[in-house]
Amino acid sequence: MNGEELAAIEARANAASAGPWQTFTSGVANGDHWYVWDNSTGSIAQISSNDGTNEESRQPDAEFIAHARDDIPTLLAAVRERDNAVARVRKCINDYESLGTRPWNALRAALWFVDGADS
């Protein structure tokens, strides 16, 4: 995933209601209605089917949508941190190799640089 794709995901997350989002069901038998709700803006989404199955079968989808409000920014931050760590490792390896250091020593130093521990 490149920086442009991450930026597009972040823009969509930033454009969404701030949250927190929560879920609830209408409780109507055979109605299959679940809602994703934001206390400040109201309803975000309704998941319904009216196909005669229990509304509990829709609950995992509603929960997934509701948690996306917090999960997506958290995942974006983790991906960016991982990308930054990889960039630091590459730079460290390149710096050590330019000095004629053996590859495993460069790798060990790069891991220490990123993790703060010799691995």
# chains A, B, ... in the order shown; residues from 1 in each chain; ligands from 1

$ select_by_dssp --residues "stretch 32-101 of chain A" --states "strand (DSSP E)" --output "JSON, numbers by chain"
{"A": [34, 35, 36, 37, 38, 42, 43, 44, 45, 46, 47]}

$ write_last_selection --atoms "N, CA and C atoms" --output "PDB file, in the first residue's frame"
ATOM      1  N   TRP A  34     -30.374  -3.447  12.573  1.00  0.00           N
ATOM      2  CA  TRP A  34     -29.300  -2.986  13.445  1.00  0.00           C
ATOM      3  C   TRP A  34     -28.922  -1.593  12.997  1.00  0.00           C
ATOM      4  N   TYR A  35     -28.574  -0.754  13.958  1.00  0.00           N
ATOM      5  CA  TYR A  35     -28.198   0.618  13.665  1.00  0.00           C
ATOM      6  C   TYR A  35     -26.790   0.898  14.175  1.00  0.00           C
ATOM      7  N   VAL A  36     -26.076   1.708  13.423  1.00  0.00           N
ATOM      8  CA  VAL A  36     -24.810   2.270  13.878  1.00  0.00           C
ATOM      9  C   VAL A  36     -25.128   3.731  14.175  1.00  0.00           C
ATOM     10  N   TRP A  37     -24.783   4.165  15.372  1.00  0.00           N
ATOM     11  CA  TRP A  37     -25.258   5.438  15.890  1.00  0.00           C
ATOM     12  C   TRP A  37     -24.103   6.272  16.431  1.00  0.00           C
ATOM     13  N   ASP A  38     -24.166   7.563  16.180  1.00  0.00           N
ATOM     14  CA  ASP A  38     -23.231   8.537  16.747  1.00  0.00           C
ATOM     15  C   ASP A  38     -24.064   9.464  17.625  1.00  0.00           C
ATOM     16  N   GLY A  42     -26.429  11.327  15.329  1.00  0.00           N
ATOM     17  CA  GLY A  42     -27.552  10.404  15.130  1.00  0.00           C
ATOM     18  C   GLY A  42     -27.136   9.189  14.325  1.00  0.00           C
ATOM     19  N   SER A  43     -28.088   8.694  13.570  1.00  0.00           N
ATOM     20  CA  SER A  43     -27.885   7.440  12.845  1.00  0.00           C
ATOM     21  C   SER A  43     -26.810   7.582  11.767  1.00  0.00           C
ATOM     22  N   ILE A  44     -25.891   6.617  11.745  1.00  0.00           N
ATOM     23  CA  ILE A  44     -24.844   6.550  10.730  1.00  0.00           C
ATOM     24  C   ILE A  44     -25.260   5.567   9.646  1.00  0.00           C
ATOM     25  N   ALA A  45     -25.777   4.400  10.083  1.00  0.00           N
ATOM     26  CA  ALA A  45     -26.158   3.364   9.124  1.00  0.00           C
ATOM     27  C   ALA A  45     -27.230   2.464   9.731  1.00  0.00           C
ATOM     28  N   GLN A  46     -28.031   1.898   8.843  1.00  0.00           N
ATOM     29  CA  GLN A  46     -29.010   0.900   9.245  1.00  0.00           C
ATOM     30  C   GLN A  46     -28.725  -0.360   8.440  1.00  0.00           C
ATOM     31  N   ILE A  47     -28.677  -1.472   9.133  1.00  0.00           N
ATOM     32  CA  ILE A  47     -28.448  -2.752   8.472  1.00  0.00           C
ATOM     33  C   ILE A  47     -29.716  -3.562   8.678  1.00  0.00           C
TER      34      ILE A  47
END

$ residues_around --residues "stretch 91-99 of chain A" --least-positions-apart "2" --cutoff "12 Å" --atoms "only C-alpha atoms" --output "list in words"
Asn84, Ala85, Val86, Ala87, Arg88, Val89, Thr101, Arg102, Pro103, Trp104, Asn105, Ala106, Leu107, Arg108, Ala109, Ala110, Leu111, Trp112, Phe113 and Val114 of chain A

$ write_last_selection --atoms "N, CA, C and O atoms" --output "CSV table (one decimal), in the first residue's frame"
chain,number,residue,atom,x,y,z
A,84,ASN,N,7.8,3.8,8.6
A,84,ASN,CA,8.9,4.6,9.1
A,84,ASN,C,10.0,3.8,9.7
A,84,ASN,O,11.2,4.0,9.5
A,85,ALA,N,9.7,2.7,10.4
A,85,ALA,CA,10.7,1.8,10.9
A,85,ALA,C,11.4,1.1,9.8
A,85,ALA,O,12.7,1.0,9.9
A,86,VAL,N,10.8,0.7,8.8
A,86,VAL,CA,11.4,0.1,7.6
A,86,VAL,C,12.4,1.1,6.9
A,86,VAL,O,13.5,0.7,6.6
A,87,ALA,N,11.9,2.3,6.8
A,87,ALA,CA,12.8,3.3,6.2
A,87,ALA,C,14.1,3.5,7.1
A,87,ALA,O,15.2,3.7,6.6
A,88,ARG,N,13.9,3.5,8.4
A,88,ARG,CA,15.0,3.7,9.3
A,88,ARG,C,16.0,2.5,9.2
A,88,ARG,O,17.2,2.7,9.2
A,89,VAL,N,15.5,1.3,9.1
A,89,VAL,CA,16.3,0.1,8.9
A,89,VAL,C,17.1,0.2,7.6
A,89,VAL,O,18.3,0.0,7.6
A,101,THR,N,30.8,-2.6,6.3
A,101,THR,CA,30.4,-3.5,7.4
A,101,THR,C,29.7,-4.7,6.8
A,101,THR,O,29.0,-4.7,5.8
A,102,ARG,N,29.9,-5.9,7.4
A,102,ARG,CA,29.3,-7.1,7.0
A,102,ARG,C,27.8,-7.0,7.1
A,102,ARG,O,27.3,-6.3,8.0
A,103,PRO,N,27.1,-7.6,6.2
A,103,PRO,CA,25.6,-7.5,6.2
A,103,PRO,C,24.9,-7.8,7.5
A,103,PRO,O,24.0,-7.1,8.0
A,104,TRP,N,25.3,-8.9,8.2
A,104,TRP,CA,24.6,-9.3,9.4
A,104,TRP,C,24.9,-8.2,10.5
A,104,TRP,O,24.0,-8.0,11.4
A,105,ASN,N,26.1,-7.6,10.5
A,105,ASN,CA,26.3,-6.6,11.5
A,105,ASN,C,25.5,-5.3,11.2
A,105,ASN,O,25.0,-4.7,12.1
A,106,ALA,N,25.3,-5.1,9.9
A,106,ALA,CA,24.4,-3.9,9.5
A,106,ALA,C,23.0,-4.2,9.9
A,106,ALA,O,22.3,-3.3,10.5
A,107,LEU,N,22.5,-5.4,9.7
A,107,LEU,CA,21.2,-5.8,10.1
A,107,LEU,C,21.0,-5.7,11.6
A,107,LEU,O,20.0,-5.2,12.1
A,108,ARG,N,21.9,-6.2,12.4
A,108,ARG,CA,21.9,-6.2,13.8
A,108,ARG,C,21.8,-4.8,14.3
A,108,ARG,O,21.0,-4.4,15.2
A,109,ALA,N,22.6,-3.9,13.7
A,109,ALA,CA,22.6,-2.5,14.1
A,109,ALA,C,21.3,-1.8,13.8
A,109,ALA,O,20.8,-1.0,14.5
A,110,ALA,N,20.8,-2.2,12.6
A,110,ALA,CA,19.5,-1.6,12.2
A,110,ALA,C,18.4,-2.0,13.1
A,110,ALA,O,17.5,-1.2,13.5
A,111,LEU,N,18.4,-3.3,13.5
A,111,LEU,CA,17.3,-3.7,14.4
A,111,LEU,C,17.5,-3.0,15.8
A,111,LEU,O,16.5,-2.6,16.4
A,112,TRP,N,18.7,-2.8,16.2
A,112,TRP,CA,18.9,-2.1,17.5
A,112,TRP,C,18.4,-0.7,17.4
A,112,TRP,O,17.8,-0.2,18.3
A,113,PHE,N,18.7,-0.1,16.2
A,113,PHE,CA,18.3,1.3,16.0
A,113,PHE,C,16.8,1.4,16.0
A,113,PHE,O,16.2,2.4,16.6
A,114,VAL,N,16.0,0.5,15.5
A,114,VAL,CA,14.6,0.6,15.4
A,114,VAL,C,13.9,0.1,16.7
A,114,VAL,O,13.1,0.7,17.3

$ select_by_dssp --residues "chain A" --states "alpha helix (DSSP H)" --output "ChimeraX atom specification"
/A:3-15,59-98,103-115

$ write_last_selection --atoms "C-alpha atoms" --output "PDB file, in the first residue's frame"
ATOM      1  CA  GLY A   3       1.276   6.748   0.580  1.00  0.00           C
ATOM      2  CA  GLU A   4      -1.397   7.894  -1.849  1.00  0.00           C
ATOM      3  CA  GLU A   5      -3.667   4.977  -0.902  1.00  0.00           C
ATOM      4  CA  LEU A   6      -3.088   5.632   2.801  1.00  0.00           C
ATOM      5  CA  ALA A   7      -3.898   9.311   2.309  1.00  0.00           C
ATOM      6  CA  ALA A   8      -7.167   8.422   0.556  1.00  0.00           C
ATOM      7  CA  ILE A   9      -8.170   6.103   3.409  1.00  0.00           C
ATOM      8  CA  GLU A  10      -7.264   8.778   5.944  1.00  0.00           C
ATOM      9  CA  ALA A  11      -9.312  11.392   4.056  1.00  0.00           C
ATOM     10  CA  ARG A  12     -12.365   9.110   4.140  1.00  0.00           C
ATOM     11  CA  ALA A  13     -11.871   8.492   7.862  1.00  0.00           C
ATOM     12  CA  ASN A  14     -11.460  12.203   8.570  1.00  0.00           C
ATOM     13  CA  ALA A  15     -14.611  13.039   6.591  1.00  0.00           C
ATOM     14  CA  GLN A  59     -24.927  -7.770  14.613  1.00  0.00           C
ATOM     15  CA  PRO A  60     -21.336  -8.641  13.542  1.00  0.00           C
ATOM     16  CA  ASP A  61     -21.658  -6.362  10.501  1.00  0.00           C
ATOM     17  CA  ALA A  62     -23.001  -3.503  12.615  1.00  0.00           C
ATOM     18  CA  GLU A  63     -20.207  -3.984  15.160  1.00  0.00           C
ATOM     19  CA  PHE A  64     -17.586  -4.014  12.402  1.00  0.00           C
ATOM     20  CA  ILE A  65     -18.885  -0.723  10.979  1.00  0.00           C
ATOM     21  CA  ALA A  66     -19.112   0.903  14.409  1.00  0.00           C
ATOM     22  CA  HIS A  67     -15.567  -0.110  15.362  1.00  0.00           C
ATOM     23  CA  ALA A  68     -14.171   1.092  12.023  1.00  0.00           C
ATOM     24  CA  ARG A  69     -14.478   4.678  13.338  1.00  0.00           C
ATOM     25  CA  ASP A  70     -11.651   3.998  15.803  1.00  0.00           C
ATOM     26  CA  ASP A  71      -9.961   1.008  14.154  1.00  0.00           C
ATOM     27  CA  ILE A  72      -9.112   2.676  10.826  1.00  0.00           C
ATOM     28  CA  PRO A  73      -7.158   5.619  12.303  1.00  0.00           C
ATOM     29  CA  THR A  74      -5.368   3.203  14.664  1.00  0.00           C
ATOM     30  CA  LEU A  75      -4.425   0.913  11.778  1.00  0.00           C
ATOM     31  CA  LEU A  76      -3.264   3.867   9.660  1.00  0.00           C
ATOM     32  CA  ALA A  77      -0.983   5.021  12.470  1.00  0.00           C
ATOM     33  CA  ALA A  78       0.431   1.500  12.863  1.00  0.00           C
ATOM     34  CA  VAL A  79       1.089   1.174   9.113  1.00  0.00           C
ATOM     35  CA  ARG A  80       2.819   4.554   9.025  1.00  0.00           C
ATOM     36  CA  GLU A  81       4.948   3.662  12.048  1.00  0.00           C
ATOM     37  CA  ARG A  82       5.896   0.360  10.413  1.00  0.00           C
ATOM     38  CA  ASP A  83       6.778   2.198   7.175  1.00  0.00           C
ATOM     39  CA  ASN A  84       8.920   4.640   9.148  1.00  0.00           C
ATOM     40  CA  ALA A  85      10.673   1.758  10.923  1.00  0.00           C
ATOM     41  CA  VAL A  86      11.420   0.055   7.598  1.00  0.00           C
ATOM     42  CA  ALA A  87      12.804   3.323   6.236  1.00  0.00           C
ATOM     43  CA  ARG A  88      15.048   3.702   9.303  1.00  0.00           C
ATOM     44  CA  VAL A  89      16.297   0.116   8.910  1.00  0.00           C
ATOM     45  CA  ARG A  90      17.069   0.681   5.229  1.00  0.00           C
ATOM     46  CA  LYS A  91      18.954   3.865   6.016  1.00  0.00           C
ATOM     47  CA  CYS A  92      20.927   2.209   8.794  1.00  0.00           C
ATOM     48  CA  ILE A  93      21.844  -0.764   6.580  1.00  0.00           C
ATOM     49  CA  ASN A  94      22.901   1.558   3.758  1.00  0.00           C
ATOM     50  CA  ASP A  95      24.988   3.647   6.155  1.00  0.00           C
ATOM     51  CA  TYR A  96      26.757   0.578   7.570  1.00  0.00           C
ATOM     52  CA  GLU A  97      27.273  -1.039   4.162  1.00  0.00           C
ATOM     53  CA  SER A  98      28.855   2.163   2.857  1.00  0.00           C
ATOM     54  CA  PRO A 103      25.577  -7.491   6.196  1.00  0.00           C
ATOM     55  CA  TRP A 104      24.622  -9.267   9.446  1.00  0.00           C
ATOM     56  CA  ASN A 105      26.315  -6.559  11.507  1.00  0.00           C
ATOM     57  CA  ALA A 106      24.422  -3.936   9.548  1.00  0.00           C
ATOM     58  CA  LEU A 107      21.158  -5.805  10.106  1.00  0.00           C
ATOM     59  CA  ARG A 108      21.864  -6.204  13.829  1.00  0.00           C
ATOM     60  CA  ALA A 109      22.633  -2.501  14.125  1.00  0.00           C
ATOM     61  CA  ALA A 110      19.510  -1.585  12.165  1.00  0.00           C
ATOM     62  CA  LEU A 111      17.319  -3.721  14.429  1.00  0.00           C
ATOM     63  CA  TRP A 112      18.904  -2.130  17.481  1.00  0.00           C
ATOM     64  CA  PHE A 113      18.270   1.292  15.971  1.00  0.00           C
ATOM     65  CA  VAL A 114      14.569   0.553  15.424  1.00  0.00           C
ATOM     66  CA  ASP A 115      13.774  -1.618  18.455  1.00  0.00           C
TER      67      ASP A 115
END

$ atom_distance --atom1 "atom CA of A:Ala18" --atom2 "atom CA of A:Asn39"
9.9 Å

$ atom_distance --atom1 "atom CA of A:Thr23" --atom2 "atom CA of A:Ser49"
16.3 Å

$ decode --residues "stretch 80-103 of chain A" --atoms "N, CA and C atoms" --output "short mmCIF file (atom, residue, chain, number, x, y, z; two decimals), in the first residue's frame"
data_model
loop_
_atom_site.label_atom_id
_atom_site.label_comp_id
_atom_site.auth_asym_id
_atom_site.auth_seq_id
_atom_site.Cartn_x
_atom_site.Cartn_y
_atom_site.Cartn_z
N ARG A 80 1.84 3.48 9.22
CA ARG A 80 2.82 4.55 9.02
C ARG A 80 4.04 4.35 9.91
N GLU A 81 3.81 3.93 11.15
CA GLU A 81 4.95 3.66 12.05
C GLU A 81 5.80 2.52 11.50
N ARG A 82 5.16 1.49 11.00
CA ARG A 82 5.90 0.36 10.41
C ARG A 82 6.69 0.84 9.20
N ASP A 83 6.07 1.66 8.34
CA ASP A 83 6.78 2.20 7.18
C ASP A 83 7.99 3.03 7.60
N ASN A 84 7.80 3.83 8.65
CA ASN A 84 8.92 4.64 9.15
C ASN A 84 10.03 3.76 9.70
N ALA A 85 9.67 2.68 10.39
CA ALA A 85 10.67 1.76 10.92
C ALA A 85 11.45 1.10 9.79
N VAL A 86 10.75 0.67 8.75
CA VAL A 86 11.42 0.05 7.60
C VAL A 86 12.37 1.06 6.95
N ALA A 87 11.94 2.30 6.82
CA ALA A 87 12.80 3.32 6.24
C ALA A 87 14.05 3.54 7.09
N ARG A 88 13.88 3.53 8.42
CA ARG A 88 15.05 3.70 9.30
C ARG A 88 16.00 2.51 9.19
N VAL A 89 15.46 1.31 9.07
CA VAL A 89 16.30 0.12 8.91
C VAL A 89 17.08 0.21 7.60
N ARG A 90 16.38 0.56 6.53
CA ARG A 90 17.07 0.68 5.23
C ARG A 90 18.20 1.70 5.29
N LYS A 91 17.92 2.83 5.92
CA LYS A 91 18.95 3.86 6.02
C LYS A 91 20.14 3.37 6.84
N CYS A 92 19.85 2.73 7.94
CA CYS A 92 20.93 2.21 8.79
C CYS A 92 21.76 1.17 8.05
N ILE A 93 21.11 0.25 7.34
CA ILE A 93 21.84 -0.76 6.58
C ILE A 93 22.70 -0.10 5.51
N ASN A 94 22.14 0.86 4.80
CA ASN A 94 22.90 1.56 3.76
C ASN A 94 24.10 2.29 4.36
N ASP A 95 23.89 2.93 5.50
CA ASP A 95 24.99 3.65 6.15
C ASP A 95 26.11 2.69 6.55
N TYR A 96 25.75 1.55 7.15
CA TYR A 96 26.76 0.58 7.57
C TYR A 96 27.44 -0.07 6.38
N GLU A 97 26.67 -0.40 5.34
CA GLU A 97 27.27 -1.04 4.16
C GLU A 97 28.23 -0.10 3.46
N SER A 98 27.94 1.21 3.50
CA SER A 98 28.86 2.16 2.86
C SER A 98 30.20 2.21 3.58
N LEU A 99 30.21 1.76 4.83
CA LEU A 99 31.46 1.69 5.59
C LEU A 99 32.15 0.34 5.43
N GLY A 100 31.54 -0.55 4.65
CA GLY A 100 32.13 -1.86 4.42
C GLY A 100 31.80 -2.87 5.51
N THR A 101 30.78 -2.60 6.30
CA THR A 101 30.38 -3.51 7.37
C THR A 101 29.69 -4.73 6.80
N ARG A 102 29.93 -5.88 7.42
CA ARG A 102 29.29 -7.11 6.97
C ARG A 102 27.78 -6.99 7.11
N PRO A 103 27.05 -7.64 6.20
CA PRO A 103 25.58 -7.49 6.20
C PRO A 103 24.91 -7.83 7.52
#
